[in-house]
Number of protein chains: 2
Amino acid sequence: MDIIDIKTYMQSIGREARSASRLVARAETASKNQALAIMAMAIQRDEQELLVANAKDVENAKTRGLDTALIDRLTLTSKGIAGMAEGLLQIAALADPIGEISDLSFRPAGIQVGKMRVPLGVVGIIYEARPNVTADAAGLCLKAGNAAILRGGSEAIHSNQAIAACVKEGLKAAGLPETAIQVIETTDRAAVGELITMKEFVDVIVPRGGKGLIERISDEARIPVIKHLHGICHVYIDEGADLDKAIRIADNAKTQRYGTCNTMETLLVHEAIAREVLPPLCKIYLDKGVELRGDAPSRAIIAQMNEAVEEDWHTEYLAPILSVRVVSGLDQAIEHIAVYGSQHTDSIITEDYSRARRFLREVDSSSVMVNASTRFADGFEYGLGAEIGISTDKIHARGPVGLEGLTSQKFIVLGDGHIRQ
Amino acid sequence: MDIIDIKTYMQSIGREARSASRLVARAETASKNQALAIMAMAIQRDEQELLVANAKDVENAKTRGLDTALIDRLTLTSKGIAGMAEGLLQIAALADPIGEISDLSFRPAGIQVGKMRVPLGVVGIIYEARPNVTADAAGLCLKAGNAAILRGGSEAIHSNQAIAACVKEGLKAAGLPETAIQVIETTDRAAVGELITMKEFVDVIVPRGGKGLIERISDEARIPVIKHLHGICHVYIDEGADLDKAIRIADNAKTQRYGTCNTMETLLVHEAIAREVLPPLCKIYLDKGVELRGDAPSRAIIAQMNEAVEEDWHTEYLAPILSVRVVSGLDQAIEHIAVYGSQHTDSIITEDYSRARRFLREVDSSSVMVNASTRFADGFEYGLGAEIGISTDKIHARGPVGLEGLTSQKFIVLGDGHIRQ
């Protein structure tokens with residue numbers, strides 16, 4: 001398709017999505033749940049077809065010489081397919097947030113004013129590699145009453161289309177418009193440029209993928225984007241902290257999984273407790289093969305530490321590497337987080353009431369914790385029942401984003417002939 | 001200042017604002033209220049100085065040949081100055097939303113997860129003419145724990161600087177940083193371009209002024225903007241509506257004030273009730289000098305109606321002009337609003353339970369009403385105690401925006417050494 005065709009194609013996709021969104025917005029909970037259940041059934045039933053389609057994508061990816069990590073994320077297994085189906089059933093089991101009316105109160109003028117929760121409208125999902133996003137994200141958007149436009153990676157085109165067929169089957173069976181969930185069929189990059197700028201048809205963009213993708217989308221989008229760019233998370237071990245808690249948490253926050261956005265990347269330690277806590281803690285890190293990069297005071301305590309340079313405080317390693325800094329106290333810890341953090345997730349380990357309160361209040365991140373691992377920053381752990389992604393922005397959604405992040409609230413007013421004086 | 005200087009100047013303003021915002025974020029309620037009270041006192045005390053500064057601006061505006069409506073909005077009076085002071089005292093009397101913790105609940109993993117309300121950080125206010133915005137907007141930002149950067153119109157430069165001096169006096173007296181509220185001193189337009197794109201220092205932009213200003217800001221901003229562009233509001237008189245309520249509301253929604261964004265611009269009437277309601281209602285409009293523009297069916301009922309053309313359904317008149325359309329029922333009314341509305345405020349006049357419920361659910365506007373005048377869409381009427389502006393966007397803030405719109409919620413997690421399995 002040439003550029004003019006792509007614009008026309010995308011405008012048509014957008015128009016269909018906007019039109020379908022009005023029907024999905026008023027759909028009964030039972031219809032949406034039925035669609036999700038049929039999707040799950042179809043995905044499980046068509047396991048062989050999905051695996052065949054996926055094999056084609058993997059074959060092509062290998063031929064194109066794409067890197068192993070990407071091929072890894074691209075590959076569907078029986079287990080992954082079962083997971084997709086199970087995920088859709090879990091979404092169906094969630095409470096439906098749409099239509100809920102809250103705070104409906106009488107005002108002095110005599111009118112009743114409240115809020116009603118409604119879908120955002122049309123969600124654009126832009127993702128790479130992982131075919132399961134086709135089902136997961138579409139399911140969440142639908143449950144929250146939205147229409148969705150899906151733009152997967154070109155490397156997963158066959159897998160995504162096969163999953164999309166199951167999705168359409170679910171919509172149709174439930175009497176919902178098939179255009180409620182549309183998959184963009186052209187791999188031309190111009191389609192993405194259209195998707196993130198067609199404000200009249202799309203209400204929010206959700207990019208799922210690597211930093212390159214998210215940066216590009218954020219820079220060029222004229223539509224709000226739910227995203228986090230960096231996960232430079234901190235654990236600060238305060239003076240007087242319980243050593244067991246500190247070691248357990250600092251270990252878990254770094255090593256439970258290295259490649260997640262809520263993994264600790266920098267450890268801050270109060271100088272008064274450094275000599276007690278660093279040796280046992282760093283032994284655990286070194287035994288697990290974590291490379292340590294520390295400032296002079298920490299290197300004076302732990303010999304097997306490399307020198308940390310300025311850039312290390314700014315770095316999200318997503319690997320078994322950890323920056324370590326000894327600080328003079330809470331003020332310096334908070335300052336460090338403010339300067340080097342990415343407003344994602346930060347945790348203090350302390351037994352001091354006042355310092356715990358200060359940390360909670362003063363650290364400007366989407367999740368702020370006391371005596372808990374940063375790895376808890378997750379939609380399921382928080383009880384949202386779902387997770388579209390994690391937002392480090394302060395507007396609209398902040399932190400792990402569940403169904404509510406795909407909705408908004410409008411004001412409703414009930415009167416009895418009331419007029420303004 | 002040349003362009004390089006402006007960028008440097010604005011970066012410095014931004015840096016100061018970001019730094020001040022961290023102090024304001026943790027300021028005690030009493031300090032913020034004290035600052036507001038001193039500001040109010042200083043404004044009242046310096047009435048003469050403010051009037052003299054304002055007279056200089058008005059003189060220059062007349063010399064420059066600016067239009068009378070603008071000079072009108074530019075002019076400060078004793079009453080307006082008293083209003084500014086009173087407004088600040090009212091803001092001081094509002095409950096402080098900052099630091100409030102809600103929904104702190106235990107999760108299966110044993111952690112307590114909740115939300116804490118916090119300031120957005122730094123708010124950029126861009127406004128034209130009305131000098132009172134300097135005090136009003138700065139007061140709201142401060143109460144909600146933010147720092148503010150104010151960019152007023154060049155036509156009001158002396159007035160704004162005089163008011164800003166009172167503002168600074170209040171900050172200083174309360175022990176808050178004077179850079180918590182900064183007024184941009186250069187009238188160069190490049191400063192605005194910097195303000196709306198310096199994402200690292202500014203969290204949200206609030207434009208206050210005419211459509212030209214708001215459109216320009218919205219198009220070029222790389223920072224979220226709280227705004228509404230158009231107020232094309234509807235009243236739909238349904239079949240079986242109570243005639244008294246319908247006439248009273250439709251009159252008030254149009255004629256109580258013509259130039260506000262929540263003024264009705266298009267009246268929709270069910271064909272079954274048109275012959276009953278249009279004659280008495282239109283007599284009221286015509287007696288008040290409202291020009292009526294209607295479709296063929298309405299013109300068949302009311303002779304003194306001009307012909308409505310397609311563009312009239314899209315038009316926000318902000319004047320004594322009203323578009324009138326006869327519709328076949330609720331479906332057509334909802335369709336009309338979806339196509340021609342601006343998602344601002346729409347009201348149905350009905351006695352039918354089911355149609356009222358459908359209208360509330362299906363109309364995708366920031367305020368949806370039953371048997372109440374659209375003129376109620378206002379932060380004070382809704383009980384917000386304040387109004388930054390009205391948003392027709394669906395992200396973050398929707399409808400009249402009060403203090404809460406200048407805040408966000410971060411997650412807080414309280415543990416006791418908990419780690420993720």
# chains A, B, ... in the order shown; residues from 1 in each chain; ligands from 1
call {"tool": "select_by_dssp", "arguments": {"residues": "segment 284-409 of chain B", "states": "strand (DSSP E or B)", "output": "count of residues only"}}
result
33
call {"tool": "calpha_fit_and_write", "arguments": {"fixed": "chain B", "moving": "chain A", "output": "short mmCIF file (atom, residue, chain, number, x, y, z; two decimals) with C-alpha atoms, in the first residue's frame"}}
result
data_model
loop_
_atom_site.label_atom_id
_atom_site.label_comp_id
_atom_site.auth_asym_id
_atom_site.auth_seq_id
_atom_site.Cartn_x
_atom_site.Cartn_y
_atom_site.Cartn_z
CA MET A 1 16.17 38.32 24.75
CA ASP A 2 17.22 36.25 21.78
CA ILE A 3 16.13 32.67 21.22
CA ILE A 4 19.11 31.07 22.96
CA ASP A 5 18.63 33.37 25.91
CA ILE A 6 14.97 32.49 26.09
CA LYS A 7 15.69 28.78 26.17
CA THR A 8 18.27 29.34 28.91
CA TYR A 9 15.89 31.62 30.80
CA MET A 10 13.02 29.13 30.60
CA GLN A 11 15.22 26.18 31.58
CA SER A 12 16.26 28.16 34.63
CA ILE A 13 12.64 28.98 35.46
CA GLY A 14 11.79 25.32 35.05
CA ARG A 15 14.63 24.15 37.24
CA GLU A 16 13.61 26.57 40.01
CA ALA A 17 10.00 25.45 39.71
CA ARG A 18 10.90 21.77 39.92
CA SER A 19 13.07 22.45 42.94
CA ALA A 20 10.41 24.57 44.66
CA SER A 21 7.73 21.97 43.89
CA ARG A 22 9.47 19.41 46.06
CA LEU A 23 9.23 21.77 49.05
CA VAL A 24 5.64 22.77 48.33
CA ALA A 25 4.70 19.09 47.97
CA ARG A 26 5.63 18.44 51.58
CA ALA A 27 4.38 21.79 52.94
CA GLU A 28 1.96 21.62 55.82
CA THR A 29 -1.62 22.66 55.15
CA ALA A 30 -1.29 25.52 57.61
CA SER A 31 1.66 26.99 55.69
CA LYS A 32 -0.16 26.89 52.40
CA ASN A 33 -3.24 28.46 53.97
CA GLN A 34 -1.14 31.14 55.62
CA ALA A 35 0.45 32.00 52.28
CA LEU A 36 -2.98 32.31 50.70
CA ALA A 37 -4.29 34.48 53.53
CA ILE A 38 -1.30 36.85 53.33
CA MET A 39 -1.69 37.04 49.56
CA ALA A 40 -5.33 38.00 50.01
CA MET A 41 -4.42 40.62 52.61
CA ALA A 42 -1.69 42.08 50.41
CA ILE A 43 -3.94 42.25 47.38
CA GLN A 44 -6.62 44.11 49.35
CA ARG A 45 -4.06 46.37 51.01
CA ASP A 46 -2.40 47.27 47.69
CA GLU A 47 -5.64 47.99 45.85
CA GLN A 48 -4.41 51.41 44.74
CA GLU A 49 -1.12 50.10 43.41
CA LEU A 50 -2.93 47.34 41.51
CA LEU A 51 -5.37 49.82 40.00
CA VAL A 52 -2.52 52.10 38.93
CA ALA A 53 -0.62 49.25 37.30
CA ASN A 54 -3.80 48.11 35.61
CA ALA A 55 -4.53 51.59 34.31
CA LYS A 56 -1.15 51.54 32.58
CA ASP A 57 -2.07 48.29 30.83
CA VAL A 58 -5.50 49.58 29.83
CA GLU A 59 -3.96 52.81 28.50
CA ASN A 60 -1.50 50.83 26.39
CA ALA A 61 -4.24 48.52 25.16
CA LYS A 62 -6.32 51.48 24.00
CA THR A 63 -3.32 53.03 22.29
CA ARG A 64 -2.65 49.72 20.51
CA GLY A 65 -6.27 49.67 19.40
CA LEU A 66 -7.15 46.35 21.04
CA ASP A 67 -10.85 45.46 20.86
CA THR A 68 -13.29 46.57 23.56
CA ALA A 69 -14.16 43.05 24.68
CA LEU A 70 -10.52 42.37 25.44
CA ILE A 71 -10.03 45.71 27.21
CA ASP A 72 -13.13 44.80 29.19
CA ARG A 73 -11.59 41.51 30.35
CA LEU A 74 -8.33 43.32 31.03
CA THR A 75 -9.80 45.98 33.32
CA LEU A 76 -9.50 45.59 37.09
CA THR A 77 -11.99 47.25 39.41
CA SER A 78 -12.25 47.59 43.17
CA LYS A 79 -14.85 44.88 43.05
CA GLY A 80 -12.61 42.62 41.00
CA ILE A 81 -9.74 43.11 43.40
CA ALA A 82 -11.95 42.29 46.36
CA GLY A 83 -13.08 39.22 44.43
CA MET A 84 -9.48 38.11 43.95
CA ALA A 85 -8.80 38.40 47.66
CA GLU A 86 -12.03 36.64 48.58
CA GLY A 87 -11.24 33.86 46.11
CA LEU A 88 -7.91 33.19 47.78
CA LEU A 89 -9.56 32.99 51.19
CA GLN A 90 -12.08 30.51 49.81
CA ILE A 91 -9.25 28.36 48.47
CA ALA A 92 -7.59 28.49 51.87
CA ALA A 93 -10.83 27.24 53.38
CA LEU A 94 -10.94 24.16 51.15
CA ALA A 95 -9.93 20.79 52.52
CA ASP A 96 -6.32 19.97 51.63
CA PRO A 97 -6.35 16.91 49.35
CA ILE A 98 -2.62 16.29 49.60
CA GLY A 99 -1.27 13.34 51.50
CA GLU A 100 -4.63 11.64 51.85
CA ILE A 101 -4.27 7.86 51.94
CA SER A 102 -7.14 5.73 50.70
CA ASP A 103 -8.01 2.08 50.14
CA LEU A 104 -5.11 0.80 52.24
CA SER A 105 -5.93 -2.92 52.21
CA PHE A 106 -4.16 -6.17 52.90
CA ARG A 107 -3.37 -8.35 49.93
CA PRO A 108 -2.98 -12.14 49.97
CA ALA A 109 0.80 -11.74 49.91
CA GLY A 110 0.56 -9.95 53.26
CA ILE A 111 1.45 -6.45 52.07
CA GLN A 112 -0.86 -3.47 52.62
CA VAL A 113 -1.51 -1.61 49.36
CA GLY A 114 -3.18 1.76 49.08
CA LYS A 115 -3.08 5.11 47.33
CA MET A 116 -1.73 8.45 48.45
CA ARG A 117 -2.83 11.72 46.87
CA VAL A 118 0.10 13.89 45.82
CA PRO A 119 0.61 17.05 43.75
CA LEU A 120 1.25 16.75 40.04
CA GLY A 121 4.36 18.84 40.59
CA VAL A 122 4.71 21.88 38.34
CA VAL A 123 1.77 23.50 36.58
CA GLY A 124 2.17 25.88 33.66
CA ILE A 125 -0.67 28.40 33.39
CA ILE A 126 -0.95 30.26 30.10
CA TYR A 127 -3.59 32.96 30.01
CA GLU A 128 -4.78 36.08 28.25
CA ALA A 129 -6.15 39.40 29.48
CA ARG A 130 -7.80 38.61 32.85
CA PRO A 131 -5.27 39.62 35.53
CA ASN A 132 -7.28 37.86 38.25
CA VAL A 133 -6.10 34.51 36.86
CA THR A 134 -2.68 35.38 38.28
CA ALA A 135 -4.11 35.08 41.78
CA ASP A 136 -6.85 32.48 41.20
CA ALA A 137 -4.78 29.91 39.35
CA ALA A 138 -1.68 30.41 41.47
CA GLY A 139 -3.80 29.94 44.59
CA LEU A 140 -5.32 26.67 43.36
CA CYS A 141 -1.97 25.27 42.26
CA LEU A 142 -0.41 26.09 45.61
CA LYS A 143 -3.26 24.64 47.67
CA ALA A 144 -2.91 21.41 45.67
CA GLY A 145 0.79 21.38 46.57
CA ASN A 146 2.18 22.37 43.19
CA ALA A 147 4.61 24.98 42.01
CA ALA A 148 3.32 27.17 39.18
CA ILE A 149 4.79 29.02 36.24
CA LEU A 150 2.52 31.80 35.06
CA ARG A 151 2.53 33.19 31.56
CA GLY A 152 -0.07 35.97 31.26
CA GLY A 153 -0.90 38.06 28.24
CA SER A 154 1.52 40.82 27.30
CA GLU A 155 -1.40 43.25 27.46
CA ALA A 156 -1.64 42.67 31.23
CA ILE A 157 2.06 42.66 32.05
CA HIS A 158 1.98 45.45 34.65
CA SER A 159 -1.17 44.17 36.35
CA ASN A 160 0.19 40.64 36.54
CA GLN A 161 3.50 41.72 37.95
CA ALA A 162 1.78 43.81 40.63
CA ILE A 163 -0.40 40.88 41.66
CA ALA A 164 2.63 38.57 41.56
CA ALA A 165 4.35 40.83 44.10
CA CYS A 166 1.47 40.20 46.52
CA VAL A 167 1.71 36.50 45.80
CA LYS A 168 5.42 36.43 46.59
CA GLU A 169 4.77 38.31 49.82
CA GLY A 170 2.39 35.55 50.88
CA LEU A 171 4.86 32.79 50.04
CA LYS A 172 7.65 34.50 51.91
CA ALA A 173 5.56 35.16 55.00
CA ALA A 174 4.60 31.50 55.17
CA GLY A 175 8.16 30.28 54.76
CA LEU A 176 7.51 28.82 51.32
CA PRO A 177 9.97 29.28 48.44
CA GLU A 178 9.30 32.44 46.41
CA THR A 179 9.96 30.43 43.29
CA ALA A 180 6.88 28.34 44.07
CA ILE A 181 5.03 30.79 41.86
CA GLN A 182 6.99 32.40 39.06
CA VAL A 183 5.79 34.87 36.48
CA ILE A 184 7.51 34.73 33.10
CA GLU A 185 8.93 38.18 32.53
CA THR A 186 9.55 38.14 28.80
CA THR A 187 6.69 38.76 26.41
CA ASP A 188 8.50 36.89 23.65
CA ARG A 189 6.32 34.13 22.23
CA ALA A 190 9.22 31.70 22.17
CA ALA A 191 8.84 31.45 25.94
CA VAL A 192 5.47 29.77 25.52
CA GLY A 193 6.93 27.27 23.08
CA GLU A 194 9.53 26.34 25.69
CA LEU A 195 7.02 26.16 28.52
CA ILE A 196 4.77 23.68 26.74
CA THR A 197 7.60 21.39 25.71
CA MET A 198 9.95 21.26 28.68
CA LYS A 199 8.68 17.91 29.94
CA GLU A 200 11.40 17.46 32.51
CA PHE A 201 10.27 20.53 34.47
CA VAL A 202 6.51 20.90 33.85
CA ASP A 203 3.84 18.26 34.48
CA VAL A 204 0.67 19.85 33.13
CA ILE A 205 -0.40 22.92 31.18
CA VAL A 206 -3.59 24.87 31.86
CA PRO A 207 -4.46 27.38 29.12
CA ARG A 208 -7.10 29.98 29.92
CA GLY A 209 -8.32 32.11 27.07
CA GLY A 210 -9.85 32.09 23.63
CA LYS A 211 -10.02 29.22 21.17
CA GLY A 212 -7.05 30.45 19.22
CA LEU A 213 -4.80 30.21 22.25
CA ILE A 214 -6.14 26.82 23.31
CA GLU A 215 -5.85 25.35 19.83
CA ARG A 216 -2.27 26.52 19.41
CA ILE A 217 -1.25 25.21 22.83
CA SER A 218 -2.96 21.84 22.29
CA ASP A 219 -1.32 21.35 18.92
CA GLU A 220 2.21 22.16 20.03
CA ALA A 221 2.33 20.99 23.65
CA ARG A 222 4.37 17.90 24.47
CA ILE A 223 3.04 18.10 28.01
CA PRO A 224 -0.53 17.09 28.97
CA VAL A 225 -3.03 19.95 28.71
CA ILE A 226 -6.18 20.38 30.79
CA LYS A 227 -8.59 22.12 28.47
CA HIS A 228 -11.82 22.20 26.55
CA LEU A 229 -11.84 23.48 23.06
CA HIS A 230 -15.52 23.68 22.26
CA GLY A 231 -18.74 23.88 24.23
CA ILE A 232 -21.41 22.68 21.83
CA CYS A 233 -23.99 21.68 24.41
CA HIS A 234 -27.42 20.20 23.80
CA VAL A 235 -30.76 20.00 25.50
CA TYR A 236 -33.03 17.22 24.20
CA ILE A 237 -36.73 17.55 25.01
CA ASP A 238 -38.08 14.02 24.95
CA GLU A 239 -41.59 12.79 24.16
CA GLY A 240 -43.76 13.04 27.28
CA ALA A 241 -41.46 15.58 28.95
CA ASP A 242 -42.97 17.86 31.58
CA LEU A 243 -43.59 21.07 29.66
CA ASP A 244 -42.83 23.39 32.55
CA LYS A 245 -39.52 21.73 33.27
CA ALA A 246 -38.65 21.64 29.57
CA ILE A 247 -39.35 25.31 28.99
CA ARG A 248 -37.71 26.46 32.18
CA ILE A 249 -34.56 24.44 31.54
CA ALA A 250 -34.27 25.13 27.82
CA ASP A 251 -34.64 28.85 28.55
CA ASN A 252 -32.05 28.86 31.32
CA ALA A 253 -29.59 26.71 29.39
CA LYS A 254 -29.55 29.18 26.52
CA THR A 255 -30.24 32.59 27.94
CA GLN A 256 -28.93 32.67 31.50
CA ARG A 257 -25.53 33.54 29.96
CA TYR A 258 -24.72 33.42 26.26
CA GLY A 259 -20.93 33.43 26.34
CA THR A 260 -20.15 30.46 28.57
CA CYS A 261 -18.93 27.07 27.45
CA ASN A 262 -21.87 25.25 29.08
CA THR A 263 -24.50 27.33 27.28
CA MET A 264 -26.85 25.28 25.10
CA GLU A 265 -26.12 25.85 21.43
CA THR A 266 -28.52 23.32 19.90
CA LEU A 267 -32.00 22.37 21.04
CA LEU A 268 -33.30 18.94 20.04
CA VAL A 269 -37.03 18.25 20.29
CA HIS A 270 -38.93 14.98 19.89
CA GLU A 271 -41.36 15.29 16.99
CA ALA A 272 -44.24 14.13 19.19
CA ILE A 273 -43.87 17.09 21.54
CA ALA A 274 -42.57 19.74 19.15
CA ARG A 275 -45.93 21.39 18.45
CA GLU A 276 -46.60 21.71 22.18
CA VAL A 277 -43.29 22.95 23.43
CA LEU A 278 -41.77 25.01 20.60
CA PRO A 279 -44.35 27.83 20.48
CA PRO A 280 -44.18 28.84 24.18
CA LEU A 281 -40.43 28.22 24.35
CA CYS A 282 -39.55 30.10 21.18
CA LYS A 283 -41.70 33.02 22.25
CA ILE A 284 -39.41 33.38 25.25
CA TYR A 285 -36.33 33.17 23.02
CA LEU A 286 -37.64 35.68 20.49
CA ASP A 287 -38.74 38.10 23.22
CA LYS A 288 -35.18 37.99 24.53
CA GLY A 289 -33.77 38.63 21.07
CA VAL A 290 -32.40 35.15 20.38
CA GLU A 291 -32.05 34.35 16.70
CA LEU A 292 -33.43 30.88 15.91
CA ARG A 293 -32.06 28.64 13.16
CA GLY A 294 -34.04 25.50 12.60
CA ASP A 295 -34.57 22.52 10.33
CA ALA A 296 -37.65 22.28 8.12
CA PRO A 297 -39.93 20.58 10.69
CA SER A 298 -39.20 23.23 13.32
CA ARG A 299 -39.64 26.06 10.81
CA ALA A 300 -43.02 24.56 9.94
CA ILE A 301 -44.05 25.20 13.56
CA ILE A 302 -42.26 28.49 14.24
CA ALA A 303 -42.39 31.05 11.45
CA GLN A 304 -39.75 33.42 12.83
CA MET A 305 -36.99 30.91 12.39
CA ASN A 306 -34.15 31.12 9.89
CA GLU A 307 -32.98 28.08 8.02
CA ALA A 308 -30.33 26.01 9.76
CA VAL A 309 -27.53 24.76 7.56
CA GLU A 310 -25.15 21.86 8.27
CA GLU A 311 -22.53 24.18 9.77
CA ASP A 312 -24.98 25.48 12.37
CA TRP A 313 -25.08 22.08 14.10
CA HIS A 314 -21.29 22.35 14.48
CA THR A 315 -21.29 25.91 15.77
CA GLU A 316 -20.69 27.27 19.25
CA TYR A 317 -22.31 30.66 18.92
CA LEU A 318 -21.45 32.19 22.32
CA ALA A 319 -24.22 34.60 21.35
CA PRO A 320 -28.01 34.86 21.32
CA ILE A 321 -28.36 32.39 18.47
CA LEU A 322 -29.80 28.89 18.80
CA SER A 323 -29.94 25.92 16.42
CA VAL A 324 -33.15 23.89 16.63
CA ARG A 325 -33.77 20.42 15.29
CA VAL A 326 -36.78 18.13 15.49
CA VAL A 327 -35.78 14.49 15.94
CA SER A 328 -37.62 11.18 15.65
CA GLY A 329 -36.67 10.04 19.13
CA LEU A 330 -33.93 9.21 21.60
CA ASP A 331 -31.80 7.30 19.12
CA GLN A 332 -31.64 10.20 16.71
CA ALA A 333 -30.98 12.65 19.54
CA ILE A 334 -28.08 10.56 20.84
CA GLU A 335 -26.75 10.17 17.29
CA HIS A 336 -26.92 13.94 16.71
CA ILE A 337 -25.02 14.62 19.93
CA ALA A 338 -22.40 12.03 19.03
CA VAL A 339 -21.85 13.54 15.58
CA TYR A 340 -22.09 17.26 16.35
CA GLY A 341 -21.36 17.59 20.05
CA SER A 342 -18.05 18.49 21.65
CA GLN A 343 -18.36 16.03 24.57
CA HIS A 344 -18.96 18.92 26.95
CA THR A 345 -22.43 18.94 28.54
CA ASP A 346 -25.72 17.49 27.32
CA SER A 347 -29.09 17.23 29.01
CA ILE A 348 -32.33 15.30 28.44
CA ILE A 349 -35.70 16.52 29.63
CA THR A 350 -37.86 13.46 30.14
CA GLU A 351 -40.22 11.65 32.48
CA ASP A 352 -39.34 8.26 31.02
CA TYR A 353 -37.22 6.10 33.33
CA SER A 354 -35.72 3.87 30.67
CA ARG A 355 -34.87 6.66 28.26
CA ALA A 356 -33.31 8.67 31.07
CA ARG A 357 -31.09 5.70 31.93
CA ARG A 358 -30.12 5.20 28.30
CA PHE A 359 -29.26 8.86 27.83
CA LEU A 360 -27.09 8.89 30.95
CA ARG A 361 -25.26 5.76 29.86
CA GLU A 362 -24.88 6.35 26.14
CA VAL A 363 -24.04 10.02 25.77
CA ASP A 364 -20.25 10.27 25.82
CA SER A 365 -19.83 13.75 27.30
CA SER A 366 -18.03 15.08 30.36
CA SER A 367 -21.38 15.99 31.97
CA VAL A 368 -24.65 14.22 31.19
CA MET A 369 -27.86 15.43 32.81
CA VAL A 370 -31.52 14.61 33.30
CA ASN A 371 -33.99 17.45 33.90
CA ALA A 372 -31.32 19.99 34.76
CA SER A 373 -29.84 22.99 32.97
CA THR A 374 -26.47 22.55 31.20
CA ARG A 375 -25.43 25.72 33.03
CA PHE A 376 -24.85 23.59 36.11
CA ALA A 377 -21.63 22.19 34.61
CA ASP A 378 -19.38 24.16 36.93
CA GLY A 379 -16.85 23.29 39.62
CA PHE A 380 -18.62 25.27 42.33
CA GLU A 381 -22.07 23.91 41.44
CA TYR A 382 -20.64 20.36 41.52
CA GLY A 383 -19.20 20.93 44.97
CA LEU A 384 -15.53 20.87 43.95
CA GLY A 385 -15.08 24.19 45.76
CA ALA A 386 -12.91 25.47 42.95
CA GLU A 387 -12.51 25.30 39.19
CA ILE A 388 -9.24 25.32 37.25
CA GLY A 389 -11.21 24.89 34.04
CA ILE A 390 -13.42 22.37 32.30
CA SER A 391 -11.95 19.41 30.48
CA THR A 392 -13.60 17.67 27.56
CA ASP A 393 -10.77 15.15 27.33
CA LYS A 394 -11.27 11.71 28.82
CA ILE A 395 -7.79 11.29 30.23
CA HIS A 396 -7.04 12.30 33.82
CA ALA A 397 -9.64 14.98 34.42
CA ARG A 398 -13.05 15.14 32.79
CA GLY A 399 -15.65 17.87 33.19
CA PRO A 400 -15.16 20.71 35.70
CA VAL A 401 -11.70 20.35 37.19
CA GLY A 402 -11.13 21.19 40.85
CA LEU A 403 -8.15 20.74 43.12
CA GLU A 404 -8.10 17.00 42.49
CA GLY A 405 -7.32 17.61 38.84
CA LEU A 406 -4.04 19.16 39.94
CA THR A 407 -3.08 16.03 41.85
CA SER A 408 -2.33 12.40 41.15
CA GLN A 409 -2.32 9.26 43.26
CA LYS A 410 0.72 7.10 43.80
CA PHE A 411 0.62 3.59 45.23
CA ILE A 412 1.99 3.05 48.70
CA VAL A 413 2.90 -0.37 50.04
CA LEU A 414 3.48 -1.23 53.69
CA GLY A 415 5.20 -4.50 54.42
CA ASP A 416 7.02 -6.28 57.19
CA GLY A 417 9.90 -7.79 55.26
CA HIS A 418 7.68 -9.20 52.52
CA ILE A 419 9.23 -10.54 49.32
CA ARG A 420 7.69 -11.73 46.09
CA GLN A 421 7.60 -15.47 45.51
#
call {"tool": "select_by_dssp", "arguments": {"residues": "segment 160-261 of chain B", "states": "alpha helix (DSSP H)", "output": "PyMOL selection string"}}
result
chain B and resi 160-173+190-195+211-220+243-255
call {"tool": "decode", "arguments": {"residues": "segment 118-125 of chain B", "atoms": "N, CA and C atoms", "output": "tab-separated table (two decimals), in the first residue's frame"}}
result
chain	number	residue	atom	x	y	z
B	118	VAL	N	-1.12	13.04	45.84
B	118	VAL	CA	0.07	13.90	45.82
B	118	VAL	C	-0.07	14.95	44.73
B	119	PRO	N	0.69	16.03	44.80
B	119	PRO	CA	0.59	17.05	43.76
B	119	PRO	C	1.11	16.51	42.42
B	120	LEU	N	0.67	17.12	41.32
B	120	LEU	CA	1.23	16.76	40.03
B	120	LEU	C	2.69	17.22	39.98
B	121	GLY	N	2.97	18.39	40.55
B	121	GLY	CA	4.35	18.87	40.59
B	121	GLY	C	4.46	20.31	40.16
B	122	VAL	N	4.57	20.53	38.86
B	122	VAL	CA	4.70	21.89	38.34
B	122	VAL	C	3.61	22.12	37.30
B	123	VAL	N	2.85	23.18	37.49
B	123	VAL	CA	1.76	23.52	36.57
B	123	VAL	C	2.12	24.77	35.79
B	124	GLY	N	1.94	24.73	34.48
B	124	GLY	CA	2.16	25.89	33.65
B	124	GLY	C	0.84	26.51	33.28
B	125	ILE	N	0.61	27.76	33.70
B	125	ILE	CA	-0.66	28.44	33.39
B	125	ILE	C	-0.39	29.47	32.30
